[in-house]
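Trainee: Below you'll find my_file-v3.txt; it's compact mmCIF, C-alpha atoms.
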# COMPACT_ATOMS: atom_id res chain seq x y z
CA MET A 563 39.93 -64.95 22.10
CA ALA A 564 41.53 -61.53 21.74
CA GLU A 565 41.28 -61.92 17.97
CA LEU A 566 37.59 -62.84 18.24
CA ALA A 567 36.91 -59.90 20.56
CA SER A 568 38.53 -57.54 18.06
CA ALA A 569 36.27 -58.80 15.26
CA TYR A 570 33.03 -59.18 17.26
CA PRO A 571 32.95 -56.79 20.27
CA THR A 572 29.71 -57.58 22.14
CA ALA A 573 28.77 -58.06 25.80
CA GLY A 574 27.73 -61.66 25.08
CA ALA A 575 31.28 -62.34 23.85
CA LEU A 576 31.89 -66.12 23.94
CA TYR A 577 28.38 -67.30 23.22
CA HIS A 578 27.81 -64.66 20.55
CA TRP A 579 30.94 -65.90 18.76
CA SER A 580 29.79 -69.53 19.07
CA THR A 581 26.38 -68.64 17.66
CA ILE A 582 27.93 -66.88 14.67
CA PHE A 583 30.05 -69.88 13.73
CA GLY A 584 28.09 -72.84 15.11
CA GLY A 585 24.42 -71.85 15.33
CA ARG A 586 22.09 -71.00 18.19
CA GLY A 587 22.37 -74.40 19.95
CA PHE A 588 26.14 -74.19 20.00
CA GLY A 589 25.94 -70.63 21.24
CA TRP A 590 23.52 -71.53 24.02
CA VAL A 591 25.74 -74.37 25.28
CA THR A 592 28.71 -71.99 25.32
CA ALA A 593 26.71 -69.48 27.34
CA GLY A 594 25.69 -72.22 29.76
CA PHE A 595 29.28 -73.23 30.47
CA ASN A 596 30.35 -69.59 30.67
CA LEU A 597 27.61 -68.93 33.20
CA ILE A 598 28.51 -72.00 35.32
CA GLY A 599 32.20 -71.12 35.18
CA GLY A 600 31.56 -67.50 36.07
CA LEU A 601 29.40 -68.38 39.06
CA ALA A 602 31.87 -71.00 40.27
CA GLY A 603 34.73 -68.55 39.71
CA ILE A 604 33.15 -65.85 41.86
CA ALA A 605 32.31 -68.45 44.52
CA ALA A 606 35.87 -69.83 44.46
CA ILE A 607 37.52 -66.39 44.71
CA ASP A 608 35.44 -65.22 47.65
CA TYR A 609 35.37 -68.54 49.50
CA GLY A 610 39.13 -68.87 48.98
CA LEU A 611 39.56 -65.34 50.35
CA ALA A 612 37.48 -66.29 53.40
CA GLN A 613 39.60 -69.39 54.05
CA PHE A 614 42.70 -67.26 53.53
CA LEU A 615 41.69 -64.79 56.26
CA VAL A 616 40.43 -67.26 58.90
CA PRO A 617 43.91 -68.19 60.26
CA ILE A 618 45.17 -64.60 59.95
CA PHE A 619 42.55 -63.27 62.34
CA ASP A 620 42.56 -66.46 64.40
CA LEU A 621 38.87 -67.14 63.74
CA PRO A 622 37.19 -70.51 64.35
CA ASN A 623 38.25 -72.81 61.52
CA THR A 624 34.73 -73.94 60.59
CA HIS A 625 32.67 -74.01 57.41
CA ALA A 626 30.15 -71.62 59.00
CA THR A 627 32.86 -69.02 59.69
CA ALA A 628 34.28 -69.23 56.18
CA PHE A 629 30.82 -69.09 54.63
CA GLY A 630 29.88 -66.05 56.70
CA LEU A 631 32.96 -64.16 55.48
CA PHE A 632 32.25 -65.39 51.96
CA LEU A 633 28.79 -63.79 52.07
CA VAL A 634 30.23 -60.49 53.33
CA PHE A 635 32.68 -60.32 50.42
CA LEU A 636 30.08 -61.42 47.85
CA VAL A 637 27.44 -58.91 48.98
CA SER A 638 29.96 -56.03 49.15
CA GLN A 639 31.08 -56.71 45.56
CA ALA A 640 27.48 -56.94 44.38
CA ALA A 641 26.53 -53.69 46.14
CA LEU A 642 29.38 -51.77 44.52
CA ASN A 643 28.49 -53.17 41.09
CA ASP A 644 24.89 -52.15 41.63
CA LEU A 645 25.89 -48.58 42.48
CA GLY A 646 27.24 -47.91 39.00
CA ILE A 647 29.95 -48.67 36.48
CA LYS A 648 32.05 -45.55 37.16
CA LEU A 649 33.17 -46.50 40.67
CA VAL A 650 33.62 -50.17 39.75
CA GLY A 651 35.51 -49.15 36.62
CA ARG A 652 37.96 -47.11 38.71
CA LEU A 653 38.45 -49.99 41.13
CA ASN A 654 38.96 -52.48 38.30
CA ASN A 655 41.52 -50.16 36.73
CA LEU A 656 43.23 -49.91 40.11
CA ALA A 657 43.27 -53.69 40.53
CA ALA A 658 45.91 -54.47 37.89
CA SER A 659 48.37 -51.88 39.22
CA TYR A 660 47.62 -52.83 42.81
CA ASN A 661 48.31 -56.52 42.16
CA MET A 662 51.66 -55.79 40.52
CA VAL A 663 52.73 -53.38 43.28
CA VAL A 664 51.89 -55.94 45.99
CA VAL A 665 53.87 -58.68 44.23
CA ILE A 666 56.88 -56.39 43.73
CA PHE A 667 56.64 -55.29 47.37
CA LEU A 668 56.56 -58.91 48.58
CA PHE A 669 59.45 -59.86 46.33
CA GLY A 670 61.47 -56.87 47.54
CA LEU A 671 60.92 -57.74 51.20
CA LEU A 672 61.98 -61.35 50.63
CA VAL A 673 65.07 -60.22 48.71
CA VAL A 674 66.08 -57.92 51.59
CA LYS A 675 65.42 -60.66 54.13
CA GLY A 676 67.20 -63.24 51.97
CA PHE A 677 65.80 -66.40 50.41
CA VAL A 678 66.16 -69.60 52.39
CA GLN A 679 66.45 -71.92 49.40
CA PRO A 680 68.73 -71.86 46.33
CA VAL A 681 67.34 -71.54 42.79
CA SER A 682 67.75 -75.31 42.31
CA PHE A 683 65.07 -75.81 45.00
CA LEU A 684 62.45 -74.46 42.58
CA PHE A 685 63.04 -77.49 40.37
CA HIS A 686 62.76 -80.01 43.21
CA PHE A 687 59.63 -82.17 42.97
CA TYR A 688 57.94 -82.73 46.32
CA HIS A 689 54.51 -84.20 47.00
CA THR A 690 52.62 -85.74 49.92
CA ASP A 691 49.44 -86.95 48.20
CA GLY A 692 50.50 -90.59 47.83
CA TYR A 693 50.18 -90.63 44.03
CA SER A 694 52.94 -91.33 41.54
CA PRO A 695 55.08 -88.27 40.62
CA GLY A 696 53.58 -88.06 37.10
CA TYR A 697 49.98 -88.25 38.32
CA SER A 698 50.71 -85.84 41.18
CA PHE A 699 52.18 -83.37 38.70
CA LEU A 700 49.03 -83.52 36.53
CA ILE A 701 46.58 -82.85 39.35
CA GLY A 702 48.94 -80.14 40.62
CA ILE A 703 48.22 -78.12 37.47
CA LEU A 704 45.01 -76.80 39.09
CA PRO A 705 46.54 -73.73 40.84
CA ALA A 706 48.29 -72.61 37.65
CA ALA A 707 45.17 -73.24 35.55
CA TRP A 708 43.10 -71.29 38.10
CA THR A 709 45.46 -68.33 37.69
CA LEU A 710 44.89 -68.25 33.93
CA VAL A 711 41.10 -67.86 33.73
CA GLY A 712 38.83 -64.84 33.84
CA TYR A 713 40.47 -62.97 30.98
CA ASP A 714 37.12 -63.01 29.14
CA ALA A 715 36.03 -60.25 31.55
CA SER A 716 37.25 -57.56 29.16
CA ALA A 717 35.22 -59.07 26.33
CA HIS A 718 32.00 -58.89 28.38
CA LEU A 719 32.56 -55.17 28.89
CA CYS A 720 32.92 -54.46 25.15
CA GLU A 721 29.73 -52.43 24.99
CA GLU A 722 30.94 -50.18 27.83
CA THR A 723 34.49 -49.73 26.45
CA ILE A 724 35.86 -46.94 24.25
CA ASN A 725 37.24 -48.27 20.94
CA PRO A 726 36.61 -51.92 21.93
CA ARG A 727 38.06 -53.45 18.75
CA LYS A 728 41.53 -52.34 19.88
CA ASN A 729 41.31 -51.88 23.65
CA VAL A 730 39.52 -55.12 24.56
CA PRO A 731 41.90 -57.54 22.77
CA HIS A 732 44.89 -55.69 24.22
CA SER A 733 43.35 -56.10 27.69
CA ILE A 734 42.88 -59.84 27.18
CA PHE A 735 46.44 -60.32 25.94
CA LEU A 736 48.00 -58.18 28.69
CA ALA A 737 45.95 -59.95 31.37
CA ILE A 738 47.58 -63.25 30.37
CA ALA A 739 51.09 -61.80 30.03
CA VAL A 740 50.97 -59.99 33.37
CA SER A 741 49.46 -63.03 35.14
CA ILE A 742 52.25 -65.29 33.86
CA VAL A 743 55.11 -62.95 34.79
CA PHE A 744 53.87 -61.74 38.16
CA GLY A 745 52.26 -65.05 39.08
CA PHE A 746 55.55 -66.85 38.53
CA LEU A 747 57.46 -64.16 40.43
CA LEU A 748 55.07 -64.50 43.39
CA ASN A 749 55.11 -68.30 43.50
CA ALA A 750 58.85 -68.62 42.93
CA SER A 751 59.78 -66.09 45.63
CA VAL A 752 57.45 -67.60 48.24
CA THR A 753 58.64 -71.13 47.40
CA ALA A 754 62.27 -70.05 47.81
CA ALA A 755 61.31 -68.66 51.25
CA ILE A 756 60.20 -72.06 52.59
CA SER A 757 62.39 -73.03 55.54
CA ASP A 758 60.58 -76.23 56.56
CA LEU A 759 59.04 -78.03 53.58
CA PRO A 760 57.17 -80.83 55.48
CA ALA A 761 55.68 -78.24 57.87
CA ALA A 762 54.56 -76.06 54.96
CA ALA A 763 52.91 -79.07 53.32
CA GLN A 764 51.05 -79.92 56.52
CA ALA A 765 49.78 -76.34 56.90
CA GLY A 766 47.25 -76.97 54.12
CA ASP A 767 45.17 -73.94 53.11
CA SER A 768 47.14 -71.64 55.42
CA ALA A 769 50.55 -72.67 54.00
CA PHE A 770 51.08 -69.37 52.18
CA PHE A 771 50.43 -67.33 55.32
CA GLU A 772 52.62 -69.58 57.47
CA ILE A 773 55.56 -69.32 55.04
CA ILE A 774 55.35 -65.52 54.86
CA LYS A 775 54.92 -65.17 58.63
CA ALA A 776 57.84 -67.48 59.36
CA ARG A 777 60.15 -65.55 57.03
CA LEU A 778 59.08 -61.94 57.60
CA GLY A 779 57.80 -62.14 61.16
CA GLY A 780 54.26 -62.11 62.54
CA SER A 781 53.28 -58.44 62.12
CA SER A 782 54.99 -57.89 58.74
CA GLY A 783 53.68 -61.22 57.42
CA THR A 784 50.13 -60.44 58.52
CA PHE A 785 50.22 -56.96 56.96
CA LEU A 786 51.52 -58.31 53.66
CA VAL A 787 48.96 -61.12 53.52
CA CYS A 788 46.21 -58.55 54.16
CA LEU A 789 47.47 -56.61 51.12
CA ILE A 790 47.21 -59.82 49.08
CA ALA A 791 43.70 -60.36 50.44
CA GLY A 792 42.80 -56.95 49.03
CA ALA A 793 43.98 -58.09 45.61
CA MET A 794 41.79 -61.19 45.89
CA TRP A 795 38.76 -59.06 46.80
CA LEU A 796 39.36 -56.83 43.77
CA CYS A 797 39.55 -59.96 41.62
CA GLY A 798 36.14 -61.03 42.92
CA LEU A 799 34.79 -57.55 42.18
CA ALA A 800 35.92 -57.84 38.56
CA GLY A 801 34.36 -61.31 38.34
CA MET A 802 31.04 -59.94 39.57
CA THR A 803 31.20 -57.16 36.96
CA ALA A 804 31.87 -59.53 34.06
CA GLY A 805 29.43 -62.18 35.29
CA SER A 806 26.52 -59.78 35.68
CA ARG A 807 27.06 -58.40 32.16
CA MET A 808 27.15 -61.91 30.76
CA VAL A 809 23.88 -62.82 32.53
CA TYR A 810 22.31 -59.59 31.30
CA ALA A 811 23.39 -60.22 27.69
CA PHE A 812 22.20 -63.84 27.80
CA ALA A 813 18.83 -62.82 29.25
CA ARG A 814 18.52 -59.99 26.72
CA ASP A 815 18.64 -62.69 24.04
CA ASN A 816 15.97 -64.70 25.94
CA GLY A 817 18.43 -67.49 26.74
CA LEU A 818 17.47 -67.94 30.40
CA PRO A 819 14.27 -68.88 32.23
CA PHE A 820 12.64 -65.66 33.49
CA SER A 821 14.79 -63.65 31.08
CA ASN A 822 12.49 -60.66 31.48
CA ILE A 823 13.67 -60.40 35.10
CA TRP A 824 17.43 -60.84 34.58
CA SER A 825 17.58 -58.50 31.57
CA GLN A 826 16.16 -55.48 33.37
CA VAL A 827 18.44 -52.48 33.86
CA ASN A 828 18.10 -50.07 36.77
CA GLN A 829 17.07 -46.86 35.05
CA LYS A 830 18.65 -44.62 37.68
CA ARG A 831 22.03 -46.34 38.05
CA LYS A 832 22.14 -47.92 34.56
CA THR A 833 23.24 -51.28 36.00
CA PRO A 834 21.80 -54.81 35.56
CA SER A 835 20.72 -54.94 39.21
CA ARG A 836 18.70 -58.14 39.12
CA ALA A 837 21.43 -60.01 37.26
CA ILE A 838 23.92 -58.87 39.92
CA TRP A 839 21.85 -60.06 42.88
CA GLY A 840 20.89 -63.24 41.05
CA ILE A 841 24.60 -64.05 40.86
CA VAL A 842 24.86 -63.57 44.63
CA PHE A 843 22.15 -66.18 45.20
CA PHE A 844 23.39 -68.80 42.74
CA ALA A 845 27.09 -68.39 43.63
CA SER A 846 26.15 -68.94 47.28
CA ALA A 847 24.22 -72.09 46.36
CA LEU A 848 27.18 -73.39 44.36
CA ALA A 849 29.58 -72.74 47.24
CA LEU A 850 27.31 -74.77 49.51
CA SER A 851 26.93 -77.66 47.04
CA ALA A 852 30.67 -78.48 46.95
CA SER A 853 32.18 -79.05 50.38
CA VAL A 854 35.75 -79.15 49.04
CA TYR A 855 37.23 -75.83 47.92
CA SER A 856 39.33 -77.48 45.19
CA ALA A 857 36.12 -78.88 43.68
CA VAL A 858 34.66 -75.38 43.27
CA VAL A 859 37.90 -74.19 41.69
CA SER A 860 37.98 -77.20 39.34
CA VAL A 861 34.38 -76.58 38.25
CA ALA A 862 35.25 -72.95 37.51
CA VAL A 863 38.40 -73.78 35.54
CA VAL A 864 36.84 -76.61 33.52
CA ALA A 865 33.58 -74.79 32.72
CA LEU A 866 35.36 -71.57 31.75
CA ASN A 867 37.91 -73.37 29.59
CA ILE A 868 35.13 -75.25 27.79
CA ALA A 869 33.36 -71.92 27.21
CA TYR A 870 36.63 -70.46 25.89
CA GLY A 871 37.27 -73.44 23.63
CA LEU A 872 33.85 -73.81 22.01
CA PRO A 873 33.83 -70.56 19.96
CA ILE A 874 37.45 -71.18 18.94
CA ALA A 875 36.55 -74.72 17.80
CA ALA A 876 33.48 -73.45 15.95
CA ARG A 877 35.57 -70.84 14.16
CA LEU A 878 38.16 -73.46 13.18
CA ARG A 879 35.38 -75.66 11.79
CA PHE A 880 33.99 -72.73 9.83
CA ARG A 881 37.39 -71.99 8.32
CA PHE A 882 38.00 -75.65 7.45
CA ARG A 883 34.61 -76.11 5.77
CA ASN A 884 34.68 -72.86 3.84
CA LYS A 885 38.43 -72.54 3.28
CA ASN A 886 38.32 -68.80 3.80
CA LYS A 887 38.89 -66.26 6.52
CA ASP A 888 36.08 -64.77 8.52
CA ILE A 889 35.84 -61.16 9.64
CA VAL A 890 39.14 -59.90 11.06
CA GLY A 891 39.50 -56.95 13.42
CA PRO A 892 42.46 -54.64 14.02
CA TRP A 893 44.01 -57.11 16.48
CA THR A 894 44.95 -60.32 14.63
CA LEU A 895 47.33 -63.29 14.85
CA VAL A 896 47.67 -63.19 11.03
CA GLY A 897 49.04 -66.52 9.73
CA PHE A 898 49.32 -68.12 13.18
CA SER A 899 45.61 -67.82 13.99
CA SER A 900 44.51 -71.35 13.04
CA ILE A 901 47.58 -73.01 14.61
CA VAL A 902 47.16 -71.17 17.91
CA SER A 903 43.42 -71.95 17.85
CA ALA A 904 44.05 -75.68 17.35
CA ILE A 905 46.50 -75.74 20.28
CA ALA A 906 43.92 -73.92 22.42
CA VAL A 907 41.24 -76.53 21.66
CA LEU A 908 43.63 -79.41 22.49
CA TRP A 909 44.51 -77.70 25.77
CA VAL A 910 40.83 -77.42 26.71
CA VAL A 911 40.32 -81.16 26.13
CA PHE A 912 43.41 -81.96 28.21
CA ILE A 913 42.59 -79.70 31.16
CA THR A 914 38.97 -80.91 31.25
CA VAL A 915 40.08 -84.50 31.77
CA VAL A 916 42.85 -83.67 34.26
CA LEU A 917 40.69 -81.57 36.57
CA VAL A 918 37.84 -84.04 37.08
CA ILE A 919 39.93 -87.13 37.90
CA PRO A 920 40.65 -88.15 41.55
CA PRO A 921 41.11 -86.41 43.93
CA ASN A 922 38.91 -83.85 42.12
CA GLU A 923 36.16 -86.30 41.22
CA GLN A 924 33.66 -84.22 43.22
CA ALA A 925 34.19 -81.49 40.63
CA GLY A 926 33.22 -84.02 37.96
CA PHE A 927 30.02 -84.87 39.84
CA VAL A 928 29.08 -81.19 40.34
CA LEU A 929 29.89 -80.41 36.72
CA GLY A 930 27.89 -83.43 35.59
CA GLY A 931 24.91 -82.16 37.58
CA CYS A 932 25.28 -78.74 35.97
CA VAL A 933 25.42 -80.30 32.49
CA ALA A 934 22.26 -82.32 33.26
CA GLY A 935 20.60 -79.07 34.32
CA LEU A 936 21.66 -77.41 31.07
CA VAL A 937 20.15 -80.26 29.05
CA CYS A 938 16.86 -79.95 30.92
CA VAL A 939 16.69 -76.17 30.51
CA TRP A 940 17.48 -76.49 26.78
CA GLN A 941 14.78 -79.09 26.19
CA VAL A 942 12.10 -77.46 28.32
CA PHE A 943 12.74 -73.78 27.64
CA ALA A 944 15.65 -72.60 25.50
CA LYS A 945 15.11 -74.86 22.49
CA LYS A 946 11.92 -72.96 21.68
CA LYS A 947 12.62 -69.54 23.18
CA PHE A 948 16.29 -68.86 22.40
CA VAL A 949 16.69 -67.52 18.86
CA GLY A 950 20.29 -66.37 19.20
CA PRO A 951 21.89 -62.97 19.71
CA LYS A 952 19.70 -60.29 18.16
CA ILE A 953 22.49 -57.75 17.78
CA GLU A 954 24.60 -60.27 15.85
CA ALA A 955 22.01 -60.94 13.14
CA GLN A 956 23.82 -58.84 10.53
CA LEU A 957 27.15 -60.52 11.22
CA VAL A 958 25.60 -63.99 10.96
CA SER A 959 23.93 -63.04 7.68
CA HIS A 960 27.24 -61.72 6.38
CA LEU A 961 29.03 -65.01 7.13
CA ARG A 962 26.23 -67.13 5.67
CA LEU A 963 26.32 -65.01 2.53
CA LYS A 964 30.03 -65.74 2.25
CA GLU A 965 29.31 -69.47 2.69
CA ASN A 966 26.70 -69.42 -0.09
CA ARG A 967 29.02 -67.56 -2.46
CA ILE A 968 31.83 -70.04 -1.78
CA SER A 969 29.48 -73.02 -2.27
CA LYS A 970 28.22 -71.68 -5.58
CA ALA A 971 31.76 -70.90 -6.73
CA GLY A 972 32.80 -74.44 -5.78
Reformat the file's structure so that it appears as structure tokens.
Mentor:
Amino acid sequence: MAELASAYPTAGALYHWSTIFGGRGFGWVTAGFNLIGGLAGIAAIDYGLAQFLVPIFDLPNTHATAFGLFLVFLVSQAALNDLGIKLVGRLNNLAASYNMVVVIFLFGLLVVKGFVQPVSFLFHFYHTDGYSPGYSFLIGILPAAWTLVGYDASAHLCEETINPRKNVPHSIFLAIAVSIVFGFLLNASVTAAISDLPAAAQAGDSAFFEIIKARLGGSSGTFLVCLIAGAMWLCGLAGMTAGSRMVYAFARDNGLPFSNIWSQVNQKRKTPSRAIWGIVFFASALALSASVYSAVVSVAVVALNIAYGLPIAARLRFRFRNKNKDIVGPWTLVGFSSIVSAIAVLWVVFITVVLVIPPNEQAGFVLGGCVAGLVCVWQVFAKKKFVGPKIEAQLVSHLRLKENRISKAG
């Protein structure tokens, strides 16, 4: 994806790339999954944050309480995005450093306090779901897979980035690298701090908070978890930024019903205001449609991974059929590009199957409903109205010209 962003830096990102290599229908489907994944991602971040804070502040553990907090977080992120890109840009720049500082701070406190468990404990397999160890391991991939999504955000901000052909792909790559290193450090240190494993398992959604509180004490644990909550809110803010730009770009290309509404930019603040508040409405509806939090997360992970995989698959197909390289930007995988791309496509197929099987079958039902909706919108509206990305016309013509030359030479 970083390689694609370097070659084709546009706000539409994923679906622009799919259109270039697979045609307008392929591009529209990619945009549909990207939109579903983005909405579900924002809903999952903010609803997860709400569930995270309920036990900390000893609030009533009800769906209404969590949903009320969810709306507060969602609206605050939308309002800041609507105010202008400068403030949001500063906050998004702060987010990466803030996240790393919080993780290092947590790790340092646990080191000073002393870990309860030895290193060997990290390799101990423990589950309470009643499934076989192999099956339990597969469905347990969800939290890790959830950590490694959202890195397309940089690509959606290409048109608002200085020197995007170099800076955007570096951002995508570093987002993955930092997430892996600091995510592992966070999970490993907290796991090693578990004193009572059965009790932690029974704590459910509040397990993280209970582990930290038990090891660091009530006041210190609460303060630290509040710092982590701040990181989650900043993550939701970044998701709102990327999602609104994607909706704006898609509507600009007449890919959505009522595109003339969603593509409007506030002339004073220079922000896609209606796209931003449209996301608030649809993310709220999605959060209400899935009563299980893991189902919302699964929908986000599966839809986003499909959207990530489609342009990569289309590019691989283009290379295979034409036996040549497409446009290459300053950031490139050189000879490893096709191999890495093939592995990425296989991973998308694998994770799609794993995250819709029981106990996440509700995610499959929600995703199936979304796909049915996409089919209806395509047949009724987009098939006639969507002509593909306008700003990519020259790039598409360039690639088709290369195809014709290769065909004639052959």
Trainee: Between CA of Ile901 (chain A) and CA of Ile742 (chain A), what is the distance in Å, rounded to a tenth?
Mentor: 21.3 Å
Trainee: For Trp579 (chain A), work out the shell of residues within 8 Å, counting only C-alpha atoms and skipping chain neighbours fewer than 2 positions away, then give it as a list in words.
Mentor: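 Surrounding residues, per the criterion: Leu566, Tyr570, Ala575, Leu576, Tyr577, Thr581, Ile582, Phe583, Gly589 and Pro873 of chain A.
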Trainee: Go ahead and compute the interatomic distance for CA of Lys728 (chain A) and CA of Phe812 (chain A), in Å to one decimal.
Mentor: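 Calculated distance between CA of Lys728 (chain A) and CA of Phe812 (chain A) is 23.8 Å.
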Trainee: How many Å separate CA of Trp940 (chain A) from CA of Ala865 (chain A)?
Mentor: 17.2 Å
Trainee: Sort by chain and increasing residue number a table of all residues of region 626-676 of chain A within 8 Å of region 822-838 of chain A, each with its closest pair of atoms and their distance in Å to one decimal, counting all atoms listed in the file, and write it as a Markdown table.
Mentor:
| residue | atom | partner | partner_atom | distance |
| --- | --- | --- | --- | --- |
| A:Ala640 | CA | A:Ile838 | CA | 6.0 |
| A:Asn643 | CA | A:Ile838 | CA | 7.4 |
| A:Asp644 | CA | A:Ser835 | CA | 5.6 |
| A:Leu645 | CA | A:Arg831 | CA | 6.3 |
| A:Gly646 | CA | A:Arg831 | CA | 5.5 |
| A:Ile647 | CA | A:Thr833 | CA | 7.2 |
Trainee: Compare A:Leu848, A:Ala869, A:Leu818, A:Ala717 by their minimum atom-to-atom distance to Ile734 (chain A), counting all atoms listed in the file, and give me the closest one.
Mentor: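 Selected residue with least distance to Ile734 (chain A): A:Ala717.
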Trainee: Name the residues in contact with region 591-606 of chain A at a cut-off of 9 Å, using all atoms listed in the file, excluding same-chain residues fewer than 4 positions from it; report them as a ChimeraX atom specification.
Mentor: /A:574,576-578,580-581,586-587,610-611,632,636,708,711-712,797-799,801-802,804-805,808-809,812,817,841-842,844-846,848-849,855-856,858-873,929,932-933,936-937,940
Trainee: With only C-alpha atoms as the atoms that count, which of A:Phe771, A:Asp691, A:Gln639, A:Ala934 lies nearest to Leu789 (chain A)?
Mentor: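 Between A:Phe771, A:Asp691, A:Gln639, A:Ala934, the residue approaching Leu789 (chain A) most closely is A:Phe771.
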Trainee: Considering all atoms listed in the file, state which residue in the set A:Thr894, A:Thr690, A:Asn816, A:Asn654 is at the smallest distance from His732 (chain A).
Mentor: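 Of the candidates, the smallest distance to His732 (chain A) is held by A:Thr894.
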Trainee: Around region 830-845 of chain A, with edges along x, y and z and 3 Å added on all six sides, what centre and edge lengths do you get, in Å to one decimal, as lines of an AutoDock Vina configuration file?
Mentor:
center_x = 22.9
center_y = -56.7
center_z = 39.9
size_x = 14.4
size_y = 30.2
size_z = 16.6
Trainee: Counting only C-alpha atoms, figure out which residue out of A:Gly651, A:Gly745, A:Gly670, A:Gly766 gets nearest to Phe614 (chain A).
Mentor: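 The shortest atom-to-atom distance to Phe614 (chain A) comes from A:Gly766.
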Trainee: Using only C-alpha atoms, find the one residue out of A:Ala573, A:Ala765, A:Leu649, A:Leu850 that sits nearest to Gly630 (chain A).
Mentor: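 Counting only C-alpha atoms, the residue closest to Gly630 (chain A) is A:Leu850.
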Trainee: Given the choices A:Phe588, A:Val890, A:Thr753, A:Gly696, which gets closest to Ala944 (chain A) if the distance is worked out from only C-alpha atoms?
Mentor: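 Answer, going by the shortest atom-to-atom distance: A:Phe588.
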Trainee: Within 12 Å of (53.5, -54.2, 47.8) (file coordinates; all atoms listed in the file), which protein or nucleic acid residues are there? I'd like them as an MDAnalysis selection string.
Mentor: chainID A and resid 659:672 748 782:783 785:793
